[in-house]
file start.txt (compact mmCIF, C-alpha atoms and all ligand atoms)
# COMPACT_ATOMS: atom_id res chain seq x y z
CA VAL B 17 50.73 -1.94 -48.53
CA VAL B 18 47.49 -1.92 -46.64
CA SER B 19 44.38 -2.56 -48.73
CA HIS B 20 41.69 -3.83 -46.36
CA PRO B 21 39.18 -0.95 -46.05
CA VAL B 22 38.72 -1.43 -42.30
CA ASN B 23 42.47 -1.23 -41.78
CA LEU B 24 42.64 1.92 -43.92
CA TYR B 25 40.06 3.53 -41.68
CA TYR B 26 41.95 2.43 -38.59
CA LEU B 27 45.29 3.74 -39.78
CA CYS B 28 44.38 7.00 -41.49
CA GLY B 29 40.67 7.73 -41.10
CA PHE B 30 39.68 7.03 -44.71
CA SER B 31 36.29 5.31 -44.89
CA GLY B 32 36.00 4.85 -48.67
CA SER B 33 35.63 1.38 -50.09
CA SER B 34 38.61 1.49 -52.44
CA GLY B 35 42.10 2.62 -51.56
CA ALA B 36 45.54 1.49 -50.52
CA LEU B 37 47.90 2.89 -47.96
CA VAL B 38 51.60 2.69 -48.67
CA VAL B 39 53.44 2.91 -45.36
CA ARG B 40 57.20 3.40 -45.34
CA GLY B 41 59.58 4.07 -42.52
CA ASP B 42 59.35 7.78 -43.15
CA SER B 43 56.09 8.39 -45.00
CA CYS B 44 52.53 7.33 -45.39
CA GLU B 45 50.54 7.78 -48.58
CA LEU B 46 46.91 6.96 -49.34
CA LEU B 47 46.18 6.06 -52.95
CA THR B 48 42.60 6.22 -54.12
CA ASP B 49 40.62 7.46 -57.13
CA GLY B 50 38.59 10.47 -58.27
CA ARG B 51 35.36 9.28 -56.63
CA TYR B 52 36.95 9.94 -53.26
CA THR B 53 38.75 13.26 -53.78
CA VAL B 54 36.54 15.26 -51.41
CA GLN B 55 36.01 12.47 -48.92
CA ALA B 56 39.72 11.74 -48.63
CA ARG B 57 40.49 15.42 -48.10
CA GLU B 58 37.91 15.57 -45.31
CA GLU B 59 38.78 12.33 -43.56
CA VAL B 60 42.47 11.62 -43.92
CA THR B 61 44.71 13.25 -41.37
CA ALA B 62 47.60 10.87 -41.01
CA ALA B 63 48.69 10.39 -44.61
CA ARG B 64 49.31 12.23 -47.86
CA VAL B 65 46.57 11.60 -50.40
CA ARG B 66 47.24 10.79 -54.04
CA ILE B 67 44.30 10.53 -56.45
CA GLY B 68 45.12 8.06 -59.22
CA LYS B 69 43.72 8.14 -62.73
CA GLN B 70 44.29 4.45 -63.34
CA GLY B 71 43.26 1.30 -61.50
CA LEU B 72 44.19 0.99 -57.85
CA LEU B 73 46.78 -1.73 -58.34
CA ALA B 74 48.47 0.28 -61.10
CA SER B 75 48.67 3.27 -58.73
CA VAL B 76 50.16 1.07 -56.03
CA ALA B 77 52.72 -0.31 -58.48
CA ASP B 78 53.64 3.26 -59.51
CA ALA B 79 54.24 4.21 -55.90
CA LEU B 80 56.36 1.12 -55.31
CA ARG B 81 58.43 1.13 -58.45
CA SER B 82 60.36 4.18 -57.33
CA ARG B 83 61.94 1.98 -54.67
CA ARG B 84 64.32 -0.48 -56.27
CA ARG B 85 64.91 -3.81 -54.57
CA ALA B 86 62.16 -3.01 -52.14
CA ARG B 87 60.59 -5.67 -49.95
CA ILE B 88 56.89 -4.94 -49.70
CA GLY B 89 54.48 -6.56 -47.29
CA PHE B 90 50.92 -7.06 -48.51
CA GLU B 91 47.86 -8.17 -46.59
CA ALA B 92 47.68 -11.86 -47.40
CA SER B 93 44.16 -12.23 -46.00
CA HIS B 94 42.77 -9.37 -48.04
CA LEU B 95 44.35 -9.59 -51.49
CA THR B 96 43.01 -12.15 -53.94
CA VAL B 97 45.38 -14.47 -55.76
CA SER B 98 44.68 -12.68 -59.04
CA GLN B 99 45.30 -9.24 -57.49
CA ARG B 100 48.56 -10.52 -56.06
CA LEU B 101 49.65 -11.83 -59.47
CA GLN B 102 48.64 -8.61 -61.19
CA LEU B 103 50.48 -6.50 -58.63
CA GLY B 104 53.60 -8.62 -59.14
CA ARG B 105 53.42 -8.12 -62.90
CA LEU B 106 52.85 -4.36 -62.57
CA CYS B 107 55.70 -3.88 -60.10
CA GLY B 108 58.21 -5.86 -62.08
CA PRO B 109 61.06 -8.02 -60.79
CA GLY B 110 62.70 -5.29 -58.66
CA VAL B 111 60.01 -5.43 -55.99
CA GLY B 112 59.69 -8.39 -53.62
CA LEU B 113 56.15 -8.92 -52.37
CA ARG B 114 55.90 -10.66 -49.01
CA PRO B 115 52.70 -11.88 -47.36
CA MET B 116 51.98 -10.12 -44.09
CA ASN B 117 49.49 -11.65 -41.73
CA GLY B 118 47.43 -9.85 -39.15
CA SER B 119 49.89 -7.13 -38.11
CA ILE B 120 47.27 -4.38 -38.29
CA GLU B 121 44.63 -6.66 -36.77
CA GLN B 122 46.95 -7.16 -33.82
CA LEU B 123 47.10 -3.41 -33.26
CA ARG B 124 43.33 -3.18 -33.60
CA ALA B 125 42.74 -5.75 -30.86
CA VAL B 126 43.75 -3.19 -28.22
CA LYS B 127 41.31 -0.29 -28.13
CA ASP B 128 42.30 3.21 -27.08
CA PRO B 129 40.00 5.31 -24.87
CA GLY B 130 38.23 6.90 -27.85
CA GLU B 131 37.49 3.50 -29.33
CA VAL B 132 36.27 2.18 -25.98
CA GLU B 133 33.89 5.13 -25.79
CA ALA B 134 32.51 4.33 -29.26
CA MET B 135 32.12 0.66 -28.36
CA ARG B 136 30.34 1.48 -25.12
CA ALA B 137 27.90 3.60 -27.13
CA ALA B 138 27.39 0.84 -29.71
CA ALA B 139 26.78 -1.74 -26.97
CA GLY B 140 24.31 0.60 -25.28
CA LEU B 141 22.49 1.07 -28.57
CA GLY B 142 22.26 -2.69 -29.20
CA SER B 143 20.91 -3.18 -25.69
CA ARG B 144 18.24 -0.52 -26.23
CA VAL B 145 17.20 -2.18 -29.49
CA PHE B 146 16.59 -5.42 -27.62
CA GLU B 147 14.44 -3.69 -24.99
CA ARG B 148 12.50 -1.86 -27.72
CA VAL B 149 11.56 -4.94 -29.72
CA LEU B 150 10.37 -6.98 -26.71
CA PRO B 151 6.75 -5.75 -27.04
CA VAL B 152 6.45 -6.99 -30.64
CA ILE B 153 7.58 -10.54 -29.80
CA ARG B 154 4.07 -12.00 -29.86
CA PRO B 155 2.55 -15.13 -31.41
CA GLY B 156 1.97 -14.57 -35.12
CA ILE B 157 5.01 -12.40 -35.89
CA ARG B 158 7.39 -13.83 -38.49
CA GLU B 159 11.13 -14.22 -37.97
CA SER B 160 11.78 -11.97 -40.97
CA GLU B 161 9.43 -9.26 -39.59
CA LEU B 162 11.15 -9.28 -36.22
CA ALA B 163 14.56 -9.07 -37.91
CA ALA B 164 13.31 -6.08 -39.92
CA GLU B 165 11.99 -4.43 -36.74
CA ILE B 166 15.36 -4.93 -35.05
CA GLU B 167 17.24 -3.32 -37.93
CA TYR B 168 14.70 -0.48 -38.14
CA GLN B 169 15.13 0.30 -34.45
CA MET B 170 18.92 0.23 -34.84
CA ARG B 171 18.75 2.88 -37.52
CA LYS B 172 16.24 4.95 -35.61
CA LEU B 173 18.70 5.00 -32.72
CA GLY B 174 21.46 6.26 -34.98
CA ALA B 175 23.28 3.13 -36.11
CA ALA B 176 24.76 3.01 -39.62
CA GLY B 177 23.21 -0.45 -39.97
CA PRO B 178 23.62 -4.02 -38.78
CA SER B 179 27.16 -5.39 -38.38
CA PHE B 180 26.01 -8.82 -39.58
CA GLU B 181 22.79 -10.40 -40.80
CA THR B 182 20.44 -10.28 -37.82
CA ILE B 183 19.64 -13.72 -36.44
CA VAL B 184 16.07 -14.40 -35.37
CA ALA B 185 15.08 -18.01 -34.68
CA PHE B 186 11.86 -19.37 -33.21
CA GLY B 187 11.15 -22.75 -31.65
CA GLU B 188 13.06 -25.72 -33.07
CA ARG B 189 14.91 -23.43 -35.45
CA SER B 190 16.70 -21.83 -32.50
CA ALA B 191 18.73 -25.04 -32.25
CA MET B 192 20.70 -23.71 -35.24
CA PRO B 193 23.29 -21.23 -33.90
CA HIS B 194 23.35 -19.28 -37.18
CA ALA B 195 19.74 -19.53 -38.29
CA ARG B 196 18.68 -17.09 -40.99
CA PRO B 197 15.30 -15.45 -40.48
CA THR B 198 12.52 -17.16 -42.46
CA ASP B 199 8.79 -16.53 -42.78
CA LYS B 200 8.12 -18.86 -39.85
CA GLN B 201 5.47 -17.45 -37.51
CA LEU B 202 5.98 -17.45 -33.76
CA ARG B 203 3.72 -19.75 -31.77
CA LYS B 204 3.03 -19.88 -28.08
CA ASN B 205 5.47 -21.98 -26.02
CA GLU B 206 8.48 -21.41 -28.22
CA LEU B 207 11.98 -20.19 -27.59
CA VAL B 208 13.14 -17.03 -29.36
CA VAL B 209 16.83 -16.39 -30.03
CA LEU B 210 17.84 -12.89 -31.17
CA ASP B 211 21.44 -12.20 -32.14
CA LEU B 212 21.96 -8.63 -33.27
CA GLY B 213 24.84 -6.33 -34.05
CA ALA B 214 24.80 -2.63 -34.83
CA ILE B 215 27.50 -0.35 -36.19
CA LEU B 216 27.75 3.02 -34.51
CA ARG B 217 30.57 5.46 -35.31
CA HIS B 218 32.29 2.59 -37.19
CA TYR B 219 32.33 0.26 -34.15
CA CYS B 220 30.28 -2.91 -33.74
CA CYS B 221 28.31 -4.44 -30.94
CA ASP B 222 27.18 -8.06 -30.82
CA LEU B 223 24.38 -9.11 -28.50
CA THR B 224 22.30 -12.26 -28.09
CA ARG B 225 19.26 -12.78 -25.91
CA THR B 226 16.94 -15.75 -25.61
CA VAL B 227 13.37 -15.37 -24.36
CA TYR B 228 10.42 -17.73 -24.06
CA VAL B 229 6.89 -17.03 -25.21
CA GLY B 230 4.55 -18.58 -22.67
CA ARG B 231 5.32 -20.48 -19.45
CA ALA B 232 8.57 -22.34 -19.92
CA PRO B 233 8.81 -26.00 -18.94
CA ALA B 234 11.35 -26.90 -16.26
CA ARG B 235 13.91 -28.32 -18.71
CA VAL B 236 14.01 -25.07 -20.72
CA LYS B 237 14.59 -23.12 -17.51
CA ARG B 238 17.34 -25.55 -16.58
CA TRP B 239 19.06 -24.98 -19.93
CA TYR B 240 18.73 -21.22 -19.58
CA PHE B 241 20.23 -21.05 -16.14
CA ALA B 242 23.03 -23.42 -17.18
CA VAL B 243 23.99 -21.10 -20.04
CA LEU B 244 23.74 -18.07 -17.77
CA GLU B 245 25.99 -19.73 -15.21
CA ALA B 246 28.48 -20.71 -17.91
CA GLN B 247 28.49 -17.15 -19.17
CA ARG B 248 29.02 -15.76 -15.67
CA ALA B 249 31.97 -18.13 -15.16
CA ALA B 250 33.52 -17.13 -18.49
CA ILE B 251 33.05 -13.40 -17.86
CA GLY B 252 34.72 -13.98 -14.49
CA ALA B 253 37.67 -15.60 -16.27
CA VAL B 254 38.14 -12.64 -18.64
CA ALA B 255 41.19 -10.75 -17.41
CA ALA B 256 44.37 -9.20 -18.76
CA GLY B 257 46.91 -12.01 -19.07
CA ALA B 258 44.36 -14.84 -19.34
CA THR B 259 44.43 -16.99 -22.48
CA GLY B 260 41.54 -17.43 -24.87
CA GLU B 261 41.36 -21.13 -24.08
CA SER B 262 41.12 -20.52 -20.33
CA VAL B 263 38.03 -18.34 -20.79
CA ASP B 264 36.53 -20.94 -23.12
CA ARG B 265 37.27 -23.68 -20.60
CA ALA B 266 35.50 -21.77 -17.81
CA ALA B 267 32.25 -21.81 -19.79
CA ARG B 268 32.67 -25.37 -21.05
CA GLN B 269 33.36 -26.77 -17.57
CA VAL B 270 30.07 -25.42 -16.21
CA LEU B 271 28.05 -26.87 -19.08
CA THR B 272 29.87 -30.20 -18.86
CA ARG B 273 29.18 -30.41 -15.12
CA LEU B 274 25.49 -29.81 -15.86
CA GLY B 275 25.43 -32.54 -18.53
CA LEU B 276 25.24 -30.10 -21.44
CA GLY B 277 28.88 -30.04 -22.58
CA SER B 278 28.15 -31.83 -25.85
CA ARG B 279 25.35 -29.34 -26.64
CA PHE B 280 27.73 -26.39 -26.68
CA ALA B 281 28.62 -26.51 -30.34
CA HIS B 282 30.80 -23.44 -30.88
CA SER B 283 33.51 -21.37 -29.26
CA THR B 284 32.90 -19.07 -26.30
CA GLY B 285 33.63 -15.74 -27.93
CA HIS B 286 35.65 -13.47 -30.17
CA GLY B 287 37.21 -10.04 -30.26
CA LEU B 288 35.02 -7.19 -31.43
CA GLY B 289 35.75 -3.74 -32.80
CA LEU B 290 35.64 -2.22 -36.27
CA GLU B 291 34.67 -5.72 -37.40
CA VAL B 292 32.43 -8.20 -35.72
CA HIS B 293 35.05 -10.94 -35.56
CA GLU B 294 38.47 -9.83 -34.41
CA GLN B 295 41.26 -11.02 -32.21
CA PRO B 296 41.54 -12.43 -29.61
CA ARG B 297 39.62 -15.68 -30.03
CA LEU B 298 38.08 -17.31 -26.98
CA ALA B 299 38.10 -20.90 -28.15
CA ARG B 300 39.51 -24.33 -27.46
CA GLY B 301 43.24 -24.28 -28.10
CA SER B 302 43.42 -20.47 -28.42
CA LYS B 303 46.75 -19.25 -27.06
CA ASP B 304 45.70 -15.62 -27.65
CA LYS B 305 46.52 -13.65 -24.51
CA LEU B 306 43.97 -11.11 -23.36
CA ALA B 307 45.25 -7.58 -22.83
CA ALA B 308 43.76 -4.47 -21.28
CA GLY B 309 41.83 -2.70 -24.03
CA ASN B 310 40.53 -5.84 -25.71
CA VAL B 311 36.79 -6.08 -26.21
CA VAL B 312 35.49 -9.63 -26.48
CA THR B 313 32.11 -11.30 -26.71
CA VAL B 314 31.19 -14.04 -24.24
CA GLU B 315 28.47 -16.18 -25.77
CA PRO B 316 28.03 -19.75 -24.58
CA GLY B 317 24.97 -21.62 -25.79
CA VAL B 318 23.24 -25.00 -25.80
CA TYR B 319 21.42 -26.42 -28.81
CA ILE B 320 19.02 -29.33 -28.60
CA GLU B 321 17.86 -30.64 -31.95
CA GLY B 322 14.10 -30.88 -32.14
CA SER B 323 13.56 -28.59 -29.13
CA GLY B 324 15.52 -25.37 -29.55
CA GLY B 325 18.57 -23.46 -28.46
CA ILE B 326 19.64 -20.92 -25.89
CA ARG B 327 22.48 -18.44 -26.24
CA ILE B 328 23.36 -15.41 -24.14
CA GLU B 329 25.97 -13.03 -25.49
CA ASP B 330 27.50 -9.90 -24.02
CA ASP B 331 30.42 -7.65 -24.92
CA VAL B 332 33.14 -7.35 -22.31
CA LEU B 333 35.95 -4.81 -22.05
CA VAL B 334 39.17 -6.13 -20.55
CA GLY B 335 40.48 -3.56 -18.09
CA ARG B 336 43.73 -3.22 -16.25
CA ASN B 337 41.86 -3.87 -13.02
CA GLY B 338 38.90 -6.08 -13.82
CA ASN B 339 36.52 -6.12 -16.73
CA GLU B 340 33.42 -4.18 -17.69
CA VAL B 341 30.35 -5.63 -19.38
CA LEU B 342 29.41 -3.05 -22.02
CA THR B 343 26.04 -4.49 -23.04
CA THR B 344 23.33 -3.60 -20.57
CA ALA B 345 20.27 -5.55 -21.81
CA ASN B 346 18.37 -7.57 -19.24
CA ARG B 347 19.81 -11.07 -18.78
CA GLU B 348 17.04 -12.47 -16.60
CA PHE B 349 14.97 -15.29 -18.03
CA LEU B 350 12.07 -13.49 -19.70
CA GLN B 351 8.79 -15.32 -20.26
CA LEU B 352 6.64 -13.12 -22.47
ZN ZN K 1 26.26 -12.49 -31.89
ZN ZN K 2 29.37 -13.06 -31.50
call {"tool": "encode", "arguments": {"input": "start.txt", "output": "structure tokens"}}
result
Amino acid sequence: VVSHPVNLYYLCGFSGSSGALVVRGDSCELLTDGRYTVQAREEVTAARVRIGKQGLLASVADALRSRRRARIGFEASHLTVSQRLQLGRLCGPGVGLRPMNGSIEQLRAVKDPGEVEAMRAAAGLGSRVFERVLPVIRPGIRESELAAEIEYQMRKLGAAGPSFETIVAFGERSAMPHARPTDKQLRKNELVVLDLGAILRHYCCDLTRTVYVGRAPARVKRWYFAVLEAQRAAIGAVAAGATGESVDRAARQVLTRLGLGSRFAHSTGHGLGLEVHEQPRLARGSKDKLAAGNVVTVEPGVYIEGSGGIRIEDDVLVGRNGNEVLTTANREFLQL
């Protein structure tokens, strides 16, 4: 029983927010409700559709009860404890519910050519958004205004919306990797970190750029080029067969050599696709093996409390023969 909306879309094309797919050896049935009758008919190609008149879990239980002594896998990461208990009660003792972890996510990690095309388009769109907002990054603008401008440009370029809350951080606040935009106004001689994601044709991009407003002091330049070098090393380590930890190590080694290892406070990257965080993980201790068709972010950063932070993030497609950087935004050190 698949209930996570993103997985429903992946498996049968249904993009509604409430439904469940019951997959058996020989059949595949999408259960949803009357709000989605037309939508399901239009979207679903790979499953039969059944419109229920009761709650979703009751419909699922109905579909399962016909199979006595069935063993049913459910998505452990996407069903709440109370839903799980309710489903158990509705199904009765003849049905054994077993937690299933990440099987669909594993399939999703490897993109087919159509998905790669969508992701290339999303990455191109994100890159264009960055180029378009550069002219408005001027002293006086607020973080929240710049975030709004970024999301406006995304939509103007055809995106369905942001894939996560846009990060805009000025000056000292850029030392927080996940800063939320505030009403802080930009001043001269401050760092600006922009981390943006757009959803286009269901697929996400994830892009970070750091620019400086004014003439940057030597130490800021040193940090920037250290992060850029770390990113280059990690992108170079991305290859089919490599492990997540080996890519992470490539970035970390560069920053450690340059005396900034302890300032790199997060992992190097993550898979990307229908959701903004997917498999494989590029992190310390990650045994995930990269495969052709994976799309991963590579996003090392350094964060210096009281001064600011620098992060550079691009989306990389793992190919059979070498990788391809999908995001095309300028990576040079920009002093505006
Ligand atoms: Zn990001
Ligand atoms: Zn990211």
call {"tool": "closest_atom_pairs", "arguments": {"input": "start.txt", "of": "chain B", "to": "ligand ZN 2 (chain K)", "cutoff": "7 Å", "atoms": "only C-alpha atoms and all ligand atoms", "output": "CSV"}}
result
residue,atom,partner,partner_atom,distance
B:Asp222,CA,K:ZN2,ZN,5.5
B:Gly285,CA,K:ZN2,ZN,6.2
B:His286,CA,K:ZN2,ZN,6.4
B:Thr313,CA,K:ZN2,ZN,5.8
B:Glu315,CA,K:ZN2,ZN,6.6
B:Glu329,CA,K:ZN2,ZN,6.9
call {"tool": "write_last_selection", "arguments": {"input": "start.txt", "atoms": "C-alpha atoms", "output": "PDB file, in the coordinates of the input"}}
result
ATOM      1  CA  ASP B 222      27.180  -8.060 -30.820  1.00  0.00           C
ATOM      2  CA  GLY B 285      33.630 -15.740 -27.930  1.00  0.00           C
ATOM      3  CA  HIS B 286      35.650 -13.470 -30.170  1.00  0.00           C
ATOM      4  CA  THR B 313      32.110 -11.300 -26.710  1.00  0.00           C
ATOM      5  CA  GLU B 315      28.470 -16.180 -25.770  1.00  0.00           C
ATOM      6  CA  GLU B 329      25.970 -13.030 -25.490  1.00  0.00           C
TER       7      GLU B 329
END
call {"tool": "residues_around", "arguments": {"input": "start.txt", "residues": "Gln122 (chain B)", "least_positions_apart": "6", "cutoff": "9 Å", "atoms": "all atoms listed in the file", "output": "PyMOL selection string"}}
result
chain B and resi 294-296
call {"tool": "write_last_selection", "arguments": {"input": "start.txt", "atoms": "C-alpha atoms", "output": "compact mmCIF listing (two decimals), in the coordinates of the input"}}
result
# COMPACT_ATOMS: atom_id res chain seq x y z
CA GLU B 294 38.47 -9.83 -34.41
CA GLN B 295 41.26 -11.02 -32.21
CA PRO B 296 41.54 -12.43 -29.61
call {"tool": "residues_near_ligand", "arguments": {"input": "start.txt", "ligand": "ligand ZN 1 (chain K)", "cutoff": "10 Å", "atoms": "only C-alpha atoms and all ligand atoms", "output": "list in words"}}
result
Ser179, Phe180, Glu181, Thr182, Ile183, Pro193, His194, Leu210, Asp211, Leu212, Gly213, Cys221, Asp222, Leu223, Thr224, Arg225, Gly285, His286, Val292, His293, Thr313, Val314, Glu315, Arg327, Ile328, Glu329, Asp330 and Asp331 of chain B
call {"tool": "closest_residue", "arguments": {"input": "start.txt", "among": "B:Ile120, B:Ala308, B:Leu202, B:Ala175", "to": "Pro155 (chain B)", "atoms": "all atoms listed in the file"}}
result
B:Leu202
call {"tool": "residues_around", "arguments": {"input": "start.txt", "residues": "region 41-56 of chain B", "least_positions_apart": "3", "cutoff": "10 Å", "atoms": "all atoms listed in the file", "output": "NGL selection string"}}
result
:B and (17-19 or 24 or 27-38 or 59-73 or 75-76 or 79)
call {"tool": "write_last_selection", "arguments": {"input": "start.txt", "atoms": "C-alpha atoms", "output": "PDB file, in the frame of the given file"}}
result
ATOM      1  CA  VAL B  17      50.730  -1.940 -48.530  1.00  0.00           C
ATOM      2  CA  VAL B  18      47.490  -1.920 -46.640  1.00  0.00           C
ATOM      3  CA  SER B  19      44.380  -2.560 -48.730  1.00  0.00           C
ATOM      4  CA  LEU B  24      42.640   1.920 -43.920  1.00  0.00           C
ATOM      5  CA  LEU B  27      45.290   3.740 -39.780  1.00  0.00           C
ATOM      6  CA  CYS B  28      44.380   7.000 -41.490  1.00  0.00           C
ATOM      7  CA  GLY B  29      40.670   7.730 -41.100  1.00  0.00           C
ATOM      8  CA  PHE B  30      39.680   7.030 -44.710  1.00  0.00           C
ATOM      9  CA  SER B  31      36.290   5.310 -44.890  1.00  0.00           C
ATOM     10  CA  GLY B  32      36.000   4.850 -48.670  1.00  0.00           C
ATOM     11  CA  SER B  33      35.630   1.380 -50.090  1.00  0.00           C
ATOM     12  CA  SER B  34      38.610   1.490 -52.440  1.00  0.00           C
ATOM     13  CA  GLY B  35      42.100   2.620 -51.560  1.00  0.00           C
ATOM     14  CA  ALA B  36      45.540   1.490 -50.520  1.00  0.00           C
ATOM     15  CA  LEU B  37      47.900   2.890 -47.960  1.00  0.00           C
ATOM     16  CA  VAL B  38      51.600   2.690 -48.670  1.00  0.00           C
ATOM     17  CA  GLU B  59      38.780  12.330 -43.560  1.00  0.00           C
ATOM     18  CA  VAL B  60      42.470  11.620 -43.920  1.00  0.00           C
ATOM     19  CA  THR B  61      44.710  13.250 -41.370  1.00  0.00           C
ATOM     20  CA  ALA B  62      47.600  10.870 -41.010  1.00  0.00           C
ATOM     21  CA  ALA B  63      48.690  10.390 -44.610  1.00  0.00           C
ATOM     22  CA  ARG B  64      49.310  12.230 -47.860  1.00  0.00           C
ATOM     23  CA  VAL B  65      46.570  11.600 -50.400  1.00  0.00           C
ATOM     24  CA  ARG B  66      47.240  10.790 -54.040  1.00  0.00           C
ATOM     25  CA  ILE B  67      44.300  10.530 -56.450  1.00  0.00           C
ATOM     26  CA  GLY B  68      45.120   8.060 -59.220  1.00  0.00           C
ATOM     27  CA  LYS B  69      43.720   8.140 -62.730  1.00  0.00           C
ATOM     28  CA  GLN B  70      44.290   4.450 -63.340  1.00  0.00           C
ATOM     29  CA  GLY B  71      43.260   1.300 -61.500  1.00  0.00           C
ATOM     30  CA  LEU B  72      44.190   0.990 -57.850  1.00  0.00           C
ATOM     31  CA  LEU B  73      46.780  -1.730 -58.340  1.00  0.00           C
ATOM     32  CA  SER B  75      48.670   3.270 -58.730  1.00  0.00           C
ATOM     33  CA  VAL B  76      50.160   1.070 -56.030  1.00  0.00           C
ATOM     34  CA  ALA B  79      54.240   4.210 -55.900  1.00  0.00           C
TER      35      ALA B  79
END
call {"tool": "closest_residue", "arguments": {"input": "start.txt", "among": "B:Arg100, B:Leu298, B:Asp78, B:Asn205", "to": "Pro233 (chain B)", "atoms": "all atoms listed in the file"}}
result
B:Asn205
call {"tool": "residues_around", "arguments": {"input": "start.txt", "residues": "Met116 (chain B)", "least_positions_apart": "3", "cutoff": "12 Å", "atoms": "all atoms listed in the file", "output": "list in words"}}
result
Val17, Val18, Ser19, Arg87, Ile88, Gly89, Phe90, Glu91, Ala92, Ser93, His94, Leu95, Leu113, Ser119, Ile120, Glu121 and Gln122 of chain B
call {"tool": "residues_around", "arguments": {"input": "start.txt", "residues": "Val263 (chain B)", "least_positions_apart": "6", "cutoff": "9 Å", "atoms": "all atoms listed in the file", "output": "ChimeraX atom specification"}}
result
/B:249-255,284-285,298-299,314
call {"tool": "write_last_selection", "arguments": {"input": "start.txt", "atoms": "C-alpha atoms", "output": "PDB file, in the coordinates of the input"}}
result
ATOM      1  CA  ALA B 249      31.970 -18.130 -15.160  1.00  0.00           C
ATOM      2  CA  ALA B 250      33.520 -17.130 -18.490  1.00  0.00           C
ATOM      3  CA  ILE B 251      33.050 -13.400 -17.860  1.00  0.00           C
ATOM      4  CA  GLY B 252      34.720 -13.980 -14.490  1.00  0.00           C
ATOM      5  CA  ALA B 253      37.670 -15.600 -16.270  1.00  0.00           C
ATOM      6  CA  VAL B 254      38.140 -12.640 -18.640  1.00  0.00           C
ATOM      7  CA  ALA B 255      41.190 -10.750 -17.410  1.00  0.00           C
ATOM      8  CA  THR B 284      32.900 -19.070 -26.300  1.00  0.00           C
ATOM      9  CA  GLY B 285      33.630 -15.740 -27.930  1.00  0.00           C
ATOM     10  CA  LEU B 298      38.080 -17.310 -26.980  1.00  0.00           C
ATOM     11  CA  ALA B 299      38.100 -20.900 -28.150  1.00  0.00           C
ATOM     12  CA  VAL B 314      31.190 -14.040 -24.240  1.00  0.00           C
TER      13      VAL B 314
END
call {"tool": "atom_distance", "arguments": {"input": "start.txt", "atom1": "CA of Arg238 (chain B)", "atom2": "CA of Ile153 (chain B)"}}
result
22.3 Å
call {"tool": "residues_around", "arguments": {"input": "start.txt", "residues": "Gly301 (chain B)", "least_positions_apart": "6", "cutoff": "12 Å", "atoms": "only C-alpha atoms", "output": "number ranges by chain"}}
result
B: 259-265, 283-284
call {"tool": "closest_residue", "arguments": {"input": "start.txt", "among": "B:Val126, B:Val229, B:Ala137, B:Ile320", "to": "Ala256 (chain B)", "atoms": "all atoms listed in the file"}}
result
B:Val126
call {"tool": "atom_distance", "arguments": {"input": "start.txt", "atom1": "CA of Lys204 (chain B)", "atom2": "CA of Glu245 (chain B)"}}
result
26.3 Å
call {"tool": "axis_aligned_box", "arguments": {"input": "start.txt", "around": "region 72-80 of chain B", "padding_each_side": "6 Å", "output": "lines of an AutoDock Vina configuration file"}}
result
center_x = 50.3
center_y = 1.2
center_z = -58.2
size_x = 24.2
size_y = 17.9
size_z = 17.8
call {"tool": "atom_distance", "arguments": {"input": "start.txt", "atom1": "CA of Phe280 (chain B)", "atom2": "CA of Gly317 (chain B)"}}
result
5.6 Å
call {"tool": "closest_residue", "arguments": {"input": "start.txt", "among": "B:Leu352, B:Arg300, B:Arg268, B:Tyr219", "to": "Glu133 (chain B)", "atoms": "all atoms listed in the file"}}
result
B:Tyr219
call {"tool": "closest_residue", "arguments": {"input": "start.txt", "among": "B:Ala191, B:Leu162, B:His218, B:Pro197", "to": "Gly174 (chain B)", "atoms": "all atoms listed in the file"}}
result
B:His218
call {"tool": "closest_residue", "arguments": {"input": "start.txt", "among": "B:Ala164, B:Leu207, B:Ala139, B:Ala86", "to": "Ala345 (chain B)", "atoms": "all atoms listed in the file"}}
result
B:Ala139
